[in-house]
>>> print(open('entry-v6.pdb').read())   # PDB, C-alpha atoms and all ligand atoms
ATOM      1  CA  MET A  22      22.086 -29.401  87.207
ATOM      2  CA  GLU A  23      21.066 -26.650  84.893
ATOM      3  CA  TYR A  24      22.202 -26.711  81.359
ATOM      4  CA  ILE A  25      22.159 -23.812  78.998
ATOM      5  CA  ASN A  26      19.317 -24.222  76.590
ATOM      6  CA  ASN A  27      18.825 -20.668  75.604
ATOM      7  CA  LYS A  28      17.243 -20.264  72.211
ATOM      8  CA  ASP A  29      18.346 -16.640  72.081
ATOM      9  CA  PHE A  30      21.528 -17.625  70.343
ATOM     10  CA  LEU A  31      23.028 -14.208  69.734
ATOM     11  CA  ARG A  32      22.469 -12.990  73.262
ATOM     12  CA  THR A  33      24.127 -16.045  74.764
ATOM     13  CA  ARG A  34      26.926 -15.921  72.284
ATOM     14  CA  THR A  35      28.034 -12.448  73.205
ATOM     15  CA  ARG A  36      28.052 -13.162  76.936
ATOM     16  CA  PRO A  37      30.646 -15.393  78.542
ATOM     17  CA  SER A  38      28.957 -18.662  79.359
ATOM     18  CA  LYS A  39      28.832 -19.876  82.955
ATOM     19  CA  PHE A  40      28.733 -23.361  81.584
ATOM     20  CA  THR A  41      31.802 -24.768  79.972
ATOM     21  CA  ALA A  42      32.528 -28.218  78.662
ATOM     22  CA  TYR A  43      35.932 -29.434  77.713
ATOM     23  CA  ILE A  44      37.976 -32.559  77.509
ATOM     24  CA  HIS A  45      40.991 -32.866  79.774
ATOM     25  CA  LYS A  46      43.008 -35.918  80.802
ATOM     26  CA  GLY A  47      40.471 -38.404  79.497
ATOM     27  CA  GLN A  48      37.454 -36.815  81.144
ATOM     28  CA  ALA A  49      34.742 -34.478  79.988
ATOM     29  CA  HIS A  50      34.465 -31.546  82.382
ATOM     30  CA  LEU A  51      30.928 -30.245  82.396
ATOM     31  CA  GLU A  52      31.071 -27.590  85.064
ATOM     32  CA  LYS A  53      33.549 -26.482  87.667
ATOM     33  CA  GLY A  54      34.523 -29.657  89.454
ATOM     34  CA  LEU A  55      31.891 -31.776  87.740
ATOM     35  CA  THR A  56      33.244 -34.411  85.410
ATOM     36  CA  SER A  57      31.816 -37.140  83.293
ATOM     37  CA  LYS A  58      33.319 -40.366  82.062
ATOM     38  CA  ILE A  59      33.933 -40.627  78.368
ATOM     39  CA  LEU A  60      32.210 -43.726  77.033
ATOM     40  CA  ALA A  61      33.643 -43.531  73.534
ATOM     41  CA  SER A  62      35.704 -41.214  71.413
ATOM     42  CA  LEU A  63      33.942 -40.946  68.055
ATOM     43  CA  ASN A  64      36.240 -38.581  66.274
ATOM     44  CA  MET A  65      39.234 -36.614  67.320
ATOM     45  CA  HIS A  66      41.601 -34.527  65.312
ATOM     46  CA  GLU A  67      43.432 -31.286  65.719
ATOM     47  CA  ASN A  68      40.408 -28.995  65.987
ATOM     48  CA  ILE A  69      37.537 -31.249  66.937
ATOM     49  CA  SER A  70      36.713 -33.793  69.628
ATOM     50  CA  ILE A  71      33.490 -35.797  69.492
ATOM     51  CA  MET A  72      32.768 -37.907  72.555
ATOM     52  CA  GLN A  73      29.977 -40.089  73.775
ATOM     53  CA  ILE A  74      29.533 -39.231  77.445
ATOM     54  CA  LYS A  75      27.029 -39.550  80.261
ATOM     55  CA  THR A  76      25.679 -36.391  81.842
ATOM     56  CA  PRO A  77      25.705 -36.269  85.662
ATOM     57  CA  ASP A  78      22.027 -37.240  85.584
ATOM     58  CA  GLU A  79      23.032 -40.378  83.626
ATOM     59  CA  LYS A  80      21.703 -39.320  80.225
ATOM     60  CA  PRO A  81      23.725 -40.555  77.246
ATOM     61  CA  ALA A  82      24.967 -37.492  75.410
ATOM     62  CA  LEU A  83      27.202 -36.477  72.558
ATOM     63  CA  LEU A  84      29.739 -33.737  73.204
ATOM     64  CA  LYS A  85      31.332 -31.927  70.283
ATOM     65  CA  VAL A  86      34.125 -29.478  71.109
ATOM     66  CA  ASN A  87      35.665 -27.349  68.376
ATOM     67  CA  LYS A  88      38.870 -25.428  68.819
ATOM     68  CA  LEU A  89      39.013 -22.231  66.752
ATOM     69  CA  LYS A  90      42.548 -21.788  65.471
ATOM     70  CA  ASP A  91      42.309 -19.311  62.658
ATOM     71  CA  ARG A  92      42.512 -15.667  63.810
ATOM     72  CA  SER A  93      39.814 -14.439  61.459
ATOM     73  CA  LYS A  94      37.479 -17.236  62.598
ATOM     74  CA  ILE A  95      38.044 -16.283  66.238
ATOM     75  CA  ILE A  96      37.194 -12.657  65.464
ATOM     76  CA  ARG A  97      34.097 -13.584  63.433
ATOM     77  CA  ALA A  98      32.858 -15.965  66.151
ATOM     78  CA  THR A  99      33.397 -13.424  68.925
ATOM     79  CA  PHE A 100      31.610 -10.602  67.134
ATOM     80  CA  GLY A 101      28.901 -12.722  65.500
ATOM     81  CA  ILE A 102      29.970 -11.949  61.959
ATOM     82  CA  SER A 103      28.551 -14.126  59.167
ATOM     83  CA  ARG A 104      29.751 -14.505  55.574
ATOM     84  CA  ARG A 105      27.534 -15.295  52.555
ATOM     85  CA  GLY A 106      24.592 -15.568  54.903
ATOM     86  CA  THR A 107      26.191 -18.189  57.144
ATOM     87  CA  TYR A 108      28.460 -18.418  60.181
ATOM     88  CA  ASP A 109      31.711 -20.373  60.176
ATOM     89  CA  GLY A 110      31.347 -24.138  60.731
ATOM     90  CA  PRO A 111      31.067 -24.695  64.505
ATOM     91  CA  ILE A 112      28.993 -21.539  65.096
ATOM     92  CA  ALA A 113      26.721 -22.383  62.140
ATOM     93  CA  GLU A 114      26.209 -25.888  63.544
ATOM     94  CA  ILE A 115      24.970 -24.458  66.856
ATOM     95  CA  ALA A 116      22.792 -21.813  65.167
ATOM     96  CA  ASN A 117      21.240 -24.397  62.810
ATOM     97  CA  ILE A 118      20.538 -27.041  65.430
ATOM     98  CA  ILE A 119      18.820 -24.392  67.566
ATOM     99  CA  ASP A 120      16.622 -23.349  64.647
ATOM    100  CA  LEU A 121      15.710 -26.979  63.872
ATOM    101  CA  GLN A 122      14.906 -28.122  67.436
ATOM    102  CA  HIS A 123      11.180 -28.412  66.666
ATOM    103  CA  ILE A 124      11.874 -31.347  64.307
ATOM    104  CA  ASN A 125      11.735 -34.821  65.865
ATOM    105  CA  TYR A 126      14.560 -36.386  63.828
ATOM    106  CA  ILE A 127      17.090 -33.726  64.925
ATOM    107  CA  PRO A 128      18.938 -34.543  68.203
ATOM    108  CA  ASN A 129      17.844 -32.415  71.164
ATOM    109  CA  ILE A 130      20.272 -29.870  72.520
ATOM    110  CA  ILE A 131      21.251 -30.338  76.151
ATOM    111  CA  ALA A 132      23.710 -27.452  76.210
ATOM    112  CA  TYR A 133      25.985 -25.350  74.084
ATOM    113  CA  GLY A 134      28.388 -22.589  74.753
ATOM    114  CA  PHE A 135      31.604 -20.782  74.089
ATOM    115  CA  ILE A 136      34.866 -20.834  75.918
ATOM    116  CA  LYS A 137      36.562 -17.469  75.921
ATOM    117  CA  ASN A 138      40.072 -16.417  76.774
ATOM    118  CA  ARG A 139      41.013 -13.566  79.078
ATOM    119  CA  LEU A 140      40.577 -11.051  76.266
ATOM    120  CA  GLY A 141      37.014 -12.238  75.746
ATOM    121  CA  LEU A 142      37.775 -13.917  72.433
ATOM    122  CA  ILE A 143      35.984 -17.194  71.713
ATOM    123  CA  ARG A 144      38.569 -19.994  71.494
ATOM    124  CA  LYS A 145      36.322 -23.042  71.657
ATOM    125  CA  THR A 146      32.704 -23.900  71.047
ATOM    126  CA  PHE A 147      30.888 -26.869  72.463
ATOM    127  CA  LEU A 148      27.613 -28.560  71.732
ATOM    128  CA  LEU A 149      26.065 -31.227  73.928
ATOM    129  CA  THR A 150      23.104 -33.129  72.457
ATOM    130  CA  ASP A 151      21.207 -36.317  73.127
ATOM    131  CA  PHE A 152      23.112 -39.399  72.041
ATOM    132  CA  ILE A 153      20.809 -41.473  69.842
ATOM    133  CA  GLU A 154      21.252 -44.907  71.350
ATOM    134  CA  ASN A 155      20.758 -47.991  69.270
ATOM    135  CA  SER A 156      21.411 -46.167  66.031
ATOM    136  CA  LEU A 157      24.039 -46.444  63.360
ATOM    137  CA  THR A 158      25.067 -44.437  60.348
ATOM    138  CA  VAL A 159      23.778 -45.552  56.948
ATOM    139  CA  ASP A 160      27.384 -46.426  56.096
ATOM    140  CA  ASP A 161      27.707 -48.750  59.120
ATOM    141  CA  PHE A 162      24.275 -50.233  58.583
ATOM    142  CA  ILE A 163      25.125 -51.226  54.998
ATOM    143  CA  LYS A 164      28.441 -52.715  56.146
ATOM    144  CA  GLN A 165      26.687 -54.806  58.792
ATOM    145  CA  LYS A 166      23.658 -55.865  56.748
ATOM    146  CA  PRO A 167      24.540 -55.632  53.057
ATOM    147  CA  GLU A 168      21.443 -57.652  52.165
ATOM    148  CA  LEU A 169      19.307 -54.722  53.406
ATOM    149  CA  THR A 170      21.233 -52.038  51.464
ATOM    150  CA  TRP A 171      18.251 -50.965  49.325
ATOM    151  CA  ASP A 172      15.843 -50.880  52.265
ATOM    152  CA  CYS A 173      18.271 -48.612  54.061
ATOM    153  CA  ILE A 174      18.673 -46.412  50.976
ATOM    154  CA  GLY A 175      14.867 -46.182  50.692
ATOM    155  CA  LEU A 176      14.680 -44.928  54.286
ATOM    156  CA  SER A 177      17.426 -42.386  53.523
ATOM    157  CA  LEU A 178      15.580 -41.072  50.456
ATOM    158  CA  ALA A 179      12.452 -40.641  52.601
ATOM    159  CA  GLN A 180      14.569 -38.730  55.129
ATOM    160  CA  ILE A 181      15.863 -36.408  52.409
ATOM    161  CA  VAL A 182      12.311 -35.644  51.242
ATOM    162  CA  LYS A 183      11.299 -34.975  54.882
ATOM    163  CA  CYS A 184      14.008 -32.327  55.168
ATOM    164  CA  TYR A 185      12.473 -30.541  52.183
ATOM    165  CA  ASP A 186       9.007 -30.795  53.759
ATOM    166  CA  ASP A 187      10.474 -29.296  56.940
ATOM    167  CA  ASN A 188      11.828 -26.371  54.975
ATOM    168  CA  PHE A 189      15.577 -26.866  55.071
ATOM    169  CA  ILE A 190      18.327 -28.392  52.983
ATOM    170  CA  HIS A 191      21.295 -30.155  54.590
ATOM    171  CA  LEU A 192      24.142 -29.535  52.169
ATOM    172  CA  ASP A 193      26.375 -32.313  53.499
ATOM    173  CA  LEU A 194      23.886 -35.142  53.810
ATOM    174  CA  TRP A 195      26.138 -38.078  52.975
ATOM    175  CA  PHE A 196      25.718 -41.584  54.362
ATOM    176  CA  LYS A 197      27.551 -40.843  57.615
ATOM    177  CA  ASN A 198      25.258 -37.947  58.508
ATOM    178  CA  ILE A 199      22.039 -39.984  58.496
ATOM    179  CA  LEU A 200      21.468 -42.325  61.445
ATOM    180  CA  VAL A 201      19.015 -45.231  61.302
ATOM    181  CA  ASN A 202      17.746 -47.731  63.866
ATOM    182  CA  PRO A 203      18.507 -51.443  63.329
ATOM    183  CA  SER A 204      14.928 -52.277  62.297
ATOM    184  CA  LEU A 205      14.885 -49.442  59.725
ATOM    185  CA  THR A 206      11.785 -47.783  61.092
ATOM    186  CA  LYS A 207      13.404 -44.483  62.096
ATOM    187  CA  SER A 208      16.074 -42.087  60.891
ATOM    188  CA  TRP A 209      17.836 -38.974  62.213
ATOM    189  CA  VAL A 210      19.874 -36.180  60.668
ATOM    190  CA  ILE A 211      23.100 -35.041  62.338
ATOM    191  CA  ASP A 212      26.093 -32.741  61.738
ATOM    192  CA  LEU A 213      24.134 -29.597  60.870
ATOM    193  CA  GLU A 214      26.903 -27.077  60.223
ATOM    194  CA  TYR A 215      26.206 -26.856  56.532
ATOM    195  CA  CYS A 216      22.471 -26.223  56.126
ATOM    196  CA  LYS A 217      20.239 -23.666  54.539
ATOM    197  CA  ILE A 218      16.968 -23.084  56.322
ATOM    198  CA  GLY A 219      14.133 -21.694  54.205
ATOM    199  CA  SER A 220      15.779 -22.001  50.796
ATOM    200  CA  PHE A 221      13.895 -20.436  47.881
ATOM    201  CA  SER A 222      15.033 -22.828  45.159
ATOM    202  CA  SER A 223      12.561 -25.300  43.640
ATOM    203  CA  LYS A 224      11.511 -28.610  45.149
ATOM    204  CA  GLU A 225      13.148 -30.465  42.239
ATOM    205  CA  ALA A 226      16.408 -28.561  42.710
ATOM    206  CA  GLN A 227      16.556 -29.146  46.468
ATOM    207  CA  ILE A 228      15.509 -32.784  46.617
ATOM    208  CA  GLY A 229      17.381 -33.571  43.392
ATOM    209  CA  HIS A 230      20.611 -32.084  44.686
ATOM    210  CA  SER A 231      20.374 -33.916  48.015
ATOM    211  CA  LEU A 232      19.572 -37.278  46.397
ATOM    212  CA  GLY A 233      22.493 -36.871  43.982
ATOM    213  CA  TYR A 234      24.969 -35.757  46.644
ATOM    214  CA  PHE A 235      23.935 -38.640  48.895
ATOM    215  CA  PHE A 236      25.185 -40.973  46.153
ATOM    216  CA  TRP A 237      28.184 -38.972  44.929
ATOM    217  CA  TYR A 238      29.882 -38.577  48.309
ATOM    218  CA  GLY A 239      30.411 -42.029  49.764
ATOM    219  CA  LEU A 240      27.702 -44.309  48.470
ATOM    220  CA  SER A 241      29.222 -44.275  44.955
ATOM    221  CA  GLU A 242      32.018 -46.481  46.306
ATOM    222  CA  LYS A 243      29.497 -49.152  47.278
ATOM    223  CA  ILE A 244      26.880 -49.219  44.554
ATOM    224  CA  ASN A 245      26.541 -48.641  40.858
ATOM    225  CA  LEU A 246      25.232 -45.299  39.483
ATOM    226  CA  ASP A 247      22.653 -46.806  37.103
ATOM    227  CA  ASP A 248      21.241 -48.997  39.859
ATOM    228  CA  TYR A 249      20.957 -45.978  42.160
ATOM    229  CA  LEU A 250      19.243 -43.815  39.531
ATOM    230  CA  ALA A 251      16.780 -46.579  38.608
ATOM    231  CA  PHE A 252      16.000 -47.274  42.271
ATOM    232  CA  THR A 253      15.544 -43.563  43.063
ATOM    233  CA  LYS A 254      13.206 -42.928  40.121
ATOM    234  CA  ASN A 255      11.121 -45.956  40.997
ATOM    235  CA  TRP A 256      11.061 -44.970  44.683
ATOM    236  CA  LEU A 257       9.811 -41.440  43.873
ATOM    237  CA  ILE A 258       7.003 -42.872  41.726
ATOM    238  CA  THR A 259       5.994 -45.639  44.152
ATOM    239  CA  ASN A 260       5.931 -43.206  47.055
ATOM    240  CA  LYS A 261       3.920 -40.690  45.020
ATOM    241  CA  ILE A 262       6.300 -37.803  45.676
ATOM    242  CA  GLU A 263       4.693 -34.809  43.977
ATOM    243  CA  VAL A 264       7.455 -33.560  41.713
ATOM    244  CA  ASP A 265       8.329 -33.223  38.067
ATOM    245  CA  ILE A 266      10.193 -36.556  37.888
ATOM    246  CA  LYS A 267      12.090 -35.722  34.686
ATOM    247  CA  LYS A 268      13.349 -32.405  36.053
ATOM    248  CA  LEU A 269      14.212 -33.936  39.396
ATOM    249  CA  MET A 270      16.069 -36.919  37.908
ATOM    250  CA  ALA A 271      18.158 -34.533  35.789
ATOM    251  CA  GLN A 272      19.238 -32.826  39.036
ATOM    252  CA  VAL A 273      19.943 -36.157  40.731
ATOM    253  CA  THR A 274      22.066 -37.332  37.809
ATOM    254  CA  TYR A 275      24.071 -34.098  37.736
ATOM    255  CA  ALA A 276      24.765 -34.014  41.474
ATOM    256  CA  ALA A 277      25.528 -37.756  41.515
ATOM    257  CA  THR A 278      28.303 -37.290  38.974
ATOM    258  CA  HIS A 279      29.757 -33.816  39.665
ATOM    259  CA  GLU A 280      31.459 -32.180  42.586
ATOM    260  CA  ILE A 281      29.712 -28.934  43.498
ATOM    261  CA  LYS A 282      31.868 -26.610  45.550
ATOM    262  CA  ARG A 283      30.692 -25.253  48.882
ATOM    263  CA  LYS A 284      30.548 -21.644  47.694
ATOM    264  CA  LYS A 285      28.535 -22.640  44.628
ATOM    265  CA  LYS A 286      26.046 -24.589  46.762
ATOM    266  CA  LEU A 287      25.460 -21.600  49.008
ATOM    267  CA  GLU A 288      24.677 -19.537  45.904
ATOM    268  CA  LEU A 289      22.380 -22.212  44.450
ATOM    269  CA  PHE A 290      20.194 -22.760  47.515
TER     270      PHE A 290
HETATM  271  N1  LIG A 301      23.462 -37.517  68.342
HETATM  272  C1  LIG A 301      24.179 -38.609  68.010
HETATM  273  N2  LIG A 301      23.841 -39.808  68.466
HETATM  274  C2  LIG A 301      24.579 -40.906  68.185
HETATM  275  N3  LIG A 301      25.686 -40.880  67.421
HETATM  276  C3  LIG A 301      26.065 -39.705  66.914
HETATM  277  C4  LIG A 301      25.338 -38.500  67.178
HETATM  278  N4  LIG A 301      25.958 -37.479  66.535
HETATM  279  C5  LIG A 301      27.042 -38.017  65.944
HETATM  280  N5  LIG A 301      27.116 -39.343  66.142
HETATM  281  C6  LIG A 301      28.182 -40.245  65.674
HETATM  282  O1  LIG A 301      29.395 -39.511  65.629
HETATM  283  C7  LIG A 301      29.916 -39.432  64.308
HETATM  284  C8  LIG A 301      30.510 -38.061  64.056
HETATM  285  O2  LIG A 301      29.557 -37.034  64.292
HETATM  286  P1  LIG A 301      29.365 -35.802  63.290
HETATM  287  O3  LIG A 301      28.920 -36.281  61.968
HETATM  288  O4  LIG A 301      28.490 -34.831  63.998
HETATM  289  O5  LIG A 301      30.787 -35.188  63.205
HETATM  290  P2  LIG A 301      31.950 -35.273  62.102
HETATM  291  O6  LIG A 301      31.379 -35.536  60.777
HETATM  292  O7  LIG A 301      32.993 -36.206  62.568
HETATM  293  O8  LIG A 301      32.488 -33.890  62.295
HETATM  294  P3  LIG A 301      32.714 -32.763  61.258
HETATM  295  O9  LIG A 301      31.891 -33.102  60.032
HETATM  296  O10 LIG A 301      32.211 -31.549  61.966
HETATM  297  O11 LIG A 301      34.183 -32.813  61.022
HETATM  298  C9  LIG A 301      28.700 -39.745  63.417
HETATM  299  O12 LIG A 301      29.074 -40.277  62.178
HETATM  300  C10 LIG A 301      27.918 -40.731  64.261
HETATM  301  O13 LIG A 301      28.468 -42.023  64.143
HETATM  302 MG    MG A 302      29.561 -36.050  59.963
END
>>> encode(input="entry-v6.pdb", output="structure tokens")
Amino acid sequence: MEYINNKDFLRTRTRPSKFTAYIHKGQAHLEKGLTSKILASLNMHENISIMQIKTPDEKPALLKVNKLKDRSKIIRATFGISRRGTYDGPIAEIANIIDLQHINYIPNIIAYGFIKNRLGLIRKTFLLTDFIENSLTVDDFIKQKPELTWDCIGLSLAQIVKCYDDNFIHLDLWFKNILVNPSLTKSWVIDLEYCKIGSFSSKEAQIGHSLGYFFWYGLSEKINLDDYLAFTKNWLITNKIEVDIKKLMAQVTYAATHEIKRKKKLELF
């Protein structure tokens, strides 16, 4: 079967897709008449369904379907309108994952597309990517093996620095958006709707923000701030990360203790 894997995002977006994927009566429909069993439902609420499925050629895949409800979002999606340099969530996620496909820790796209109504307005988006088997989120890893918490955090810090080296900043990189393998030799970055590719802010600002946010949102419920700051500083030195440590740690401390609103982040990076 042929999946859409067209890197020319805007061209595909403005044309009705031949390929559609949707969830109906407990099955993922991948093409007219072609269905796939759902192996697991990972998240489902009003506007989003995330399913682990198998493609007809038996590949484990992750299907994310977003329903656009808001009228202005439907209009912006249909006409390709961005705001503050970014598309709305589900469209931005597709655009970003396309732009980051050359990176080996980003899941490969199998297909993506847009489901339109009779008026040609986009009502749903879908994204089908490789399912990273034998992986778990940092959150789940720490729950399962609390004795390896700091090893897992070390791997996450390395992943955050890699994102900088690969020229993008993931602005929602909390401990459920980094996947690791059980032996802690590999990591992946998922959920790419909120990214800035090619940011012009300094290395200290970008890495510092990400390291602080990684603690502030989620991890702060599990470990102590002073322990995290001490570990992070020591990790940066031991791993010879070329940065102004004092400047960077000031950024980490700020982001680890303050909420920074979405709009503000888009201005900062
Ligand atoms: N490619 C993948 N391989 C394996 N598991 C994945 C993959 N992508 C996502 N997951 C699992 O599914 C969960 C939810 O995925 P994701 O983070 O993309 O969506 P979300 O945070 O629920 O959605 P949103 O943030 O858009 O509301 C992840 O925490 C992870 O456990
Ligand atoms: Mg997520």
>>> residues_near_point(input="entry-v6.pdb", point="(15.5, -25.4, 44.3)", cutoff="10 Å", atoms="only C-alpha atoms", output="PyMOL selection string")
chain A and resi 185+190+220-230+269+272+289-290
>>> residues_near_ligand(input="entry-v6.pdb", ligand="ligand MG 302 (chain A)", cutoff="12 Å", atoms="only C-alpha atoms and all ligand atoms", output="ChimeraX atom specification")
/A:63-64,69,71,85,114,158-160,191-200,210-215,238-239
>>> write_last_selection(input="entry-v6.pdb", atoms="C-alpha atoms", output="PDB file, keeping the file's coordinate frame")
ATOM      1  CA  LEU A  63      33.942 -40.946  68.055  1.00  0.00           C
ATOM      2  CA  ASN A  64      36.240 -38.581  66.274  1.00  0.00           C
ATOM      3  CA  ILE A  69      37.537 -31.249  66.937  1.00  0.00           C
ATOM      4  CA  ILE A  71      33.490 -35.797  69.492  1.00  0.00           C
ATOM      5  CA  LYS A  85      31.332 -31.927  70.283  1.00  0.00           C
ATOM      6  CA  GLU A 114      26.209 -25.888  63.544  1.00  0.00           C
ATOM      7  CA  THR A 158      25.067 -44.437  60.348  1.00  0.00           C
ATOM      8  CA  VAL A 159      23.778 -45.552  56.948  1.00  0.00           C
ATOM      9  CA  ASP A 160      27.384 -46.426  56.096  1.00  0.00           C
ATOM     10  CA  HIS A 191      21.295 -30.155  54.590  1.00  0.00           C
ATOM     11  CA  LEU A 192      24.142 -29.535  52.169  1.00  0.00           C
ATOM     12  CA  ASP A 193      26.375 -32.313  53.499  1.00  0.00           C
ATOM     13  CA  LEU A 194      23.886 -35.142  53.810  1.00  0.00           C
ATOM     14  CA  TRP A 195      26.138 -38.078  52.975  1.00  0.00           C
ATOM     15  CA  PHE A 196      25.718 -41.584  54.362  1.00  0.00           C
ATOM     16  CA  LYS A 197      27.551 -40.843  57.615  1.00  0.00           C
ATOM     17  CA  ASN A 198      25.258 -37.947  58.508  1.00  0.00           C
ATOM     18  CA  ILE A 199      22.039 -39.984  58.496  1.00  0.00           C
ATOM     19  CA  LEU A 200      21.468 -42.325  61.445  1.00  0.00           C
ATOM     20  CA  VAL A 210      19.874 -36.180  60.668  1.00  0.00           C
ATOM     21  CA  ILE A 211      23.100 -35.041  62.338  1.00  0.00           C
ATOM     22  CA  ASP A 212      26.093 -32.741  61.738  1.00  0.00           C
ATOM     23  CA  LEU A 213      24.134 -29.597  60.870  1.00  0.00           C
ATOM     24  CA  GLU A 214      26.903 -27.077  60.223  1.00  0.00           C
ATOM     25  CA  TYR A 215      26.206 -26.856  56.532  1.00  0.00           C
ATOM     26  CA  TYR A 238      29.882 -38.577  48.309  1.00  0.00           C
ATOM     27  CA  GLY A 239      30.411 -42.029  49.764  1.00  0.00           C
TER      28      GLY A 239
END
>>> residues_near_point(input="entry-v6.pdb", point="(35.5, -15.6, 69.1)", cutoff="10 Å", atoms="all atoms listed in the file", output="NGL selection string")
:A and (34-35 or 89 or 92-102 or 112 or 135-138 or 140-146)
>>> atom_distance(input="entry-v6.pdb", atom1="atom CA of Val201 of chain A", atom2="atom CA of Phe236 of chain A")
16.9 Å
>>> residues_around(input="entry-v6.pdb", residues="Thr253 of chain A", least_positions_apart="4", cutoff="10 Å", atoms="all atoms listed in the file", output="short mmCIF file (atom, residue, chain, number, x, y, z; two decimals) with C-alpha atoms, in the coordinates of the input")
data_model
loop_
_atom_site.label_atom_id
_atom_site.label_comp_id
_atom_site.auth_asym_id
_atom_site.auth_seq_id
_atom_site.Cartn_x
_atom_site.Cartn_y
_atom_site.Cartn_z
CA ILE A 174 18.67 -46.41 50.98
CA GLY A 175 14.87 -46.18 50.69
CA LEU A 178 15.58 -41.07 50.46
CA LEU A 232 19.57 -37.28 46.40
CA GLY A 233 22.49 -36.87 43.98
CA ASP A 247 22.65 -46.81 37.10
CA ASP A 248 21.24 -49.00 39.86
CA TYR A 249 20.96 -45.98 42.16
CA LEU A 257 9.81 -41.44 43.87
CA ILE A 258 7.00 -42.87 41.73
CA THR A 259 5.99 -45.64 44.15
CA MET A 270 16.07 -36.92 37.91
CA VAL A 273 19.94 -36.16 40.73
#
>>> axis_aligned_box(input="entry-v6.pdb", around="segment 55-74 of chain A", padding_each_side="6 Å", output="JSON")
{"center_x": 36.5, "center_y": -36.4, "center_z": 76.5, "size_x": 25.9, "size_y": 26.7, "size_z": 34.4}
>>> atom_distance(input="entry-v6.pdb", atom1="atom CA of Ile59 of chain A", atom2="atom CA of Ile163 of chain A")
27.1 Å
>>> atom_distance(input="entry-v6.pdb", atom1="atom CA of Trp209 of chain A", atom2="atom CA of Ile127 of chain A")
6.0 Å
>>> closest_residue(input="entry-v6.pdb", among="A:Glu67, A:Leu287, A:Val86, A:Asp151", to="Gln122 of chain A", atoms="only C-alpha atoms")
A:Asp151
>>> closest_residue(input="entry-v6.pdb", among="A:Ile218, A:Ile266, A:Val182, A:Ala277", to="Leu246 of chain A", atoms="only C-alpha atoms")
A:Ala277
>>> closest_residue(input="entry-v6.pdb", among="A:Arg104, A:Glu154, A:Leu148, A:Ile118", to="ligand LIG 301 (chain A)", atoms="all atoms listed in the file")
A:Glu154
>>> closest_residue(input="entry-v6.pdb", among="A:Gly106, A:Pro81, A:Gly219, A:Pro203", to="ligand LIG 301 (chain A)", atoms="all atoms listed in the file")
A:Pro81
>>> residues_around(input="entry-v6.pdb", residues="Cys173 of chain A", least_positions_apart="3", cutoff="10 Å", atoms="all atoms listed in the file", output="NGL selection string")
:A and (159-160 or 162-163 or 166-170 or 176-179 or 201-206 or 208)
>>> closest_residue(input="entry-v6.pdb", among="A:Asn117, A:Thr76, A:Asn155, A:Asn255", to="ligand LIG 301 (chain A)", atoms="all atoms listed in the file")
A:Asn155
>>> closest_residue(input="entry-v6.pdb", among="A:Glu263, A:Asp161, A:Phe252, A:Asn125", to="Lys207 of chain A", atoms="all atoms listed in the file")
A:Asn125
>>> resolve_selection(input="entry-v6.pdb", expression="the PyMOL selection byres (((chain A and resi 279) around 10) and not hetatm)", output="list in words")
Gly233, Tyr234, Trp237, Tyr238, Thr274, Tyr275, Ala276, Ala277, Thr278, Glu280, Ile281 and Lys282 of chain A
>>> build_atoms(input="entry-v6.pdb", residues="segment 87-97 of chain A", atoms="N, CA and C atoms", output="PDB file, keeping the file's coordinate frame")
ATOM      1  N   ASN A  87      34.872 -27.850  69.504  1.00  0.00           N
ATOM      2  CA  ASN A  87      35.665 -27.349  68.376  1.00  0.00           C
ATOM      3  C   ASN A  87      36.633 -26.286  68.846  1.00  0.00           C
ATOM      4  N   LYS A  88      37.878 -26.443  68.480  1.00  0.00           N
ATOM      5  CA  LYS A  88      38.870 -25.428  68.819  1.00  0.00           C
ATOM      6  C   LYS A  88      38.981 -24.488  67.615  1.00  0.00           C
ATOM      7  N   LEU A  89      38.852 -23.174  67.856  1.00  0.00           N
ATOM      8  CA  LEU A  89      39.013 -22.231  66.752  1.00  0.00           C
ATOM      9  C   LEU A  89      40.483 -21.832  66.706  1.00  0.00           C
ATOM     10  N   LYS A  90      41.117 -22.059  65.566  1.00  0.00           N
ATOM     11  CA  LYS A  90      42.548 -21.788  65.471  1.00  0.00           C
ATOM     12  C   LYS A  90      42.812 -20.502  64.690  1.00  0.00           C
ATOM     13  N   ASP A  91      42.096 -20.388  63.600  1.00  0.00           N
ATOM     14  CA  ASP A  91      42.309 -19.311  62.658  1.00  0.00           C
ATOM     15  C   ASP A  91      41.900 -17.959  63.272  1.00  0.00           C
ATOM     16  N   ARG A  92      42.808 -16.938  63.154  1.00  0.00           N
ATOM     17  CA  ARG A  92      42.512 -15.667  63.810  1.00  0.00           C
ATOM     18  C   ARG A  92      41.230 -15.018  63.309  1.00  0.00           C
ATOM     19  N   SER A  93      41.015 -15.091  61.981  1.00  0.00           N
ATOM     20  CA  SER A  93      39.814 -14.439  61.459  1.00  0.00           C
ATOM     21  C   SER A  93      38.545 -15.170  61.916  1.00  0.00           C
ATOM     22  N   LYS A  94      38.652 -16.493  62.102  1.00  0.00           N
ATOM     23  CA  LYS A  94      37.479 -17.236  62.598  1.00  0.00           C
ATOM     24  C   LYS A  94      37.175 -16.872  64.051  1.00  0.00           C
ATOM     25  N   ILE A  95      38.227 -16.669  64.831  1.00  0.00           N
ATOM     26  CA  ILE A  95      38.044 -16.283  66.238  1.00  0.00           C
ATOM     27  C   ILE A  95      37.338 -14.925  66.315  1.00  0.00           C
ATOM     28  N   ILE A  96      37.798 -14.007  65.478  1.00  0.00           N
ATOM     29  CA  ILE A  96      37.194 -12.657  65.464  1.00  0.00           C
ATOM     30  C   ILE A  96      35.733 -12.733  65.015  1.00  0.00           C
ATOM     31  N   ARG A  97      35.482 -13.477  63.930  1.00  0.00           N
ATOM     32  CA  ARG A  97      34.097 -13.584  63.433  1.00  0.00           C
ATOM     33  C   ARG A  97      33.183 -14.240  64.471  1.00  0.00           C
TER      34      ARG A  97
END
